[in-house]
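Below is one structure, written out as structure tokens, with a few remarks after it.
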Amino acid sequence: MKFKQNSQTGFTLIEVMVVVFIVGLILAMVLPRAMRASVDTKYQLVRQGATEIAAWANEWARREITLQPETAVSTLNDYMQTLGDSGSVDWIAASDNTSNWQGTPEKIPTRGSAPNDVPSTTVKDIMPQDKVIKNPFNGLYMFSGNNLPSGTNIFPGALGCAYVADGVYNYYALIFQGTDATSVTDFYANMGTSLEGLRSGVYINRLRP
């Protein structure tokens with residue numbers, strides 16, 4: 001009597017190991033690219049949000065010009081200077097009176113004597129409350145104190161405003177931190193508080209002092 005030899009079914013251990021190796025190799029190549037694409041998308045969203053906030057900054061300055069006393073000699077540049085810092089940065093998430101992004105309005109000396117030297121609003125005050133611009137890296141409101149870098153506390157996507165002399169003009173821009181930032185003075189890509197660094201940021205305005 002002859003016995004039929006059963007044909008082999010399934011995969012051998014070596015075949016399984018080869019498949020696992022190939023899948024692992026593919027994942028090793030694909031996952032970093034997918035993660036990088038996700039981060040790049042978030043940077044684009046930060047720029048979009050910053051562009052909108054920059055537009056509101058200009059609107060705020062124009063509104064305050066129309067509201068200032070008749071005797072005031074304040075210019076758009078005077079108002080813009082209370083939103084940024086020359087050679088440094090004013091974070092929009094700061095709620096103290098170091099800038100006019102939010103919180104207690106900062107004085108503008110050329111606007112007149114107290115109490116006329118204080119603007120009636122801040123940038124945050126005039127922005128629509130039903131349209132909250134969030135930091136895509138943490139999902140928090142851009143003006144939230146939890147987006148305020150300090151010391152070694154870094155927040156990717158956190159926005160700051162700075163300006164620098166550009167010939168006979170002041171150049172204003174928003175810059176932000178990246179995922180690889182290591183300090184509060186470390187910004188995304190080529191951004192920084194120099195003229196070149198601000199030109200890599202999000203443009204706000206260019207005004208004569």
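Labels used: A, B, ... for chains in the order of the structure tokens, numbers from 1 for residues in each chain, and numbers from 1 for ligands as shown.
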Strand (DSSP E or B) per DSSP on the backbone: members of region 151-209 of chain A, as a PDB file with C-alpha atoms, in the first residue's frame:
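So the final result, stored in result_27.pdb, reads:
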ATOM      1  CA  ASN A 153       9.942  76.131  28.548  1.00  0.00           C
ATOM      2  CA  LEU A 159       4.155  83.600  18.308  1.00  0.00           C
ATOM      3  CA  GLY A 160       6.270  86.637  19.098  1.00  0.00           C
ATOM      4  CA  CYS A 161       6.538  90.073  17.491  1.00  0.00           C
ATOM      5  CA  ALA A 162       9.723  92.000  16.773  1.00  0.00           C
ATOM      6  CA  TYR A 163      10.839  94.886  14.603  1.00  0.00           C
ATOM      7  CA  VAL A 164      14.092  96.228  13.252  1.00  0.00           C
ATOM      8  CA  ALA A 165      15.189  99.274  11.278  1.00  0.00           C
ATOM      9  CA  ASP A 166      15.101  98.652   7.529  1.00  0.00           C
ATOM     10  CA  TYR A 169      11.697 102.235   7.974  1.00  0.00           C
ATOM     11  CA  ASN A 170      10.830  99.844  10.781  1.00  0.00           C
ATOM     12  CA  TYR A 171      10.098  96.309   9.581  1.00  0.00           C
ATOM     13  CA  TYR A 172       7.558  94.403  11.741  1.00  0.00           C
ATOM     14  CA  ALA A 173       6.971  90.653  11.679  1.00  0.00           C
ATOM     15  CA  LEU A 174       5.743  87.688  13.706  1.00  0.00           C
ATOM     16  CA  ILE A 175       8.145  84.822  14.327  1.00  0.00           C
ATOM     17  CA  PHE A 176       7.600  81.513  16.083  1.00  0.00           C
ATOM     18  CA  VAL A 202       5.204  86.530   8.888  1.00  0.00           C
ATOM     19  CA  TYR A 203       5.109  90.126   7.649  1.00  0.00           C
ATOM     20  CA  ILE A 204       3.047  92.672   9.598  1.00  0.00           C
ATOM     21  CA  ASN A 205       4.048  96.104   8.309  1.00  0.00           C
ATOM     22  CA  ARG A 206       6.866  98.414   7.234  1.00  0.00           C
ATOM     23  CA  LEU A 207       6.507 101.920   8.621  1.00  0.00           C
TER      24      LEU A 207
END
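Non-sequential neighbours of Glu106 (chain A) (distance at most 8 Å, separation of 5 or more positions within a chain, only C-alpha atoms) are Thr82, Asn97, Thr98, Ser99, Asn100, Val118 and Pro119 of chain A.
For Gln68 (chain A), the set of protein, DNA and RNA residues having any atom at most 10 Å away, when counting only C-alpha atoms and skipping those fewer than 3 positions along the same chain, is Arg63, Glu64, Ile65, Thr71, Ala72, Val73, Ser74, Arg111, Gly112, Asn116, Asp117, Val118, Pro119 and Ser120 of chain A.
The list of residues with at least one atom within 9 Å of Val46 (chain A), based on only C-alpha atoms and without residues fewer than 3 positions apart in the same chain, reads Thr41, Lys42, Tyr43, Gly49, Ala50, Thr51, Lys134, Asn135, Pro136, Phe137, Gly157, Ala158, Leu159 and Phe176 of chain A.
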Residues from the last selection, C-alpha atoms, saved as a tab-separated table (two decimals), in the first residue's frame:
chain	number	residue	atom	x	y	z
A	41	THR	CA	1.39	70.88	7.95
A	42	LYS	CA	1.30	72.29	11.48
A	43	TYR	CA	3.94	74.87	10.58
A	49	GLY	CA	-2.92	81.88	11.89
A	50	ALA	CA	-0.07	84.37	12.21
A	51	THR	CA	-1.08	86.03	8.94
A	134	LYS	CA	-5.23	77.96	17.95
A	135	ASN	CA	-1.68	76.68	18.07
A	136	PRO	CA	-1.82	73.42	16.06
A	137	PHE	CA	1.02	71.95	18.12
A	157	GLY	CA	4.20	77.46	17.29
A	158	ALA	CA	4.29	80.17	19.98
A	159	LEU	CA	4.15	83.60	18.31
A	176	PHE	CA	7.60	81.51	16.08
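Counting only C-alpha atoms and comparing A:Asp40, A:Asp85, A:Leu45, A:Thr121, the residue that lies closest to Ala57 (chain A) is A:Thr121.
Using only C-alpha atoms, the nearest neighbour of Trp91 (chain A) within the list A:Gly167, A:Gly178, A:Gly151, A:Gly145 is A:Gly145.
The shortest atom-to-atom distance to Pro69 (chain A), with only C-alpha atoms taken into account, belongs to A:Pro115 out of A:Gly84, A:Pro115, A:Gly103, A:Gly192.
Counting only C-alpha atoms and comparing A:Ser200, A:Thr122, A:Thr152, A:Thr182, the residue that lies closest to Ile92 (chain A) is A:Thr122.
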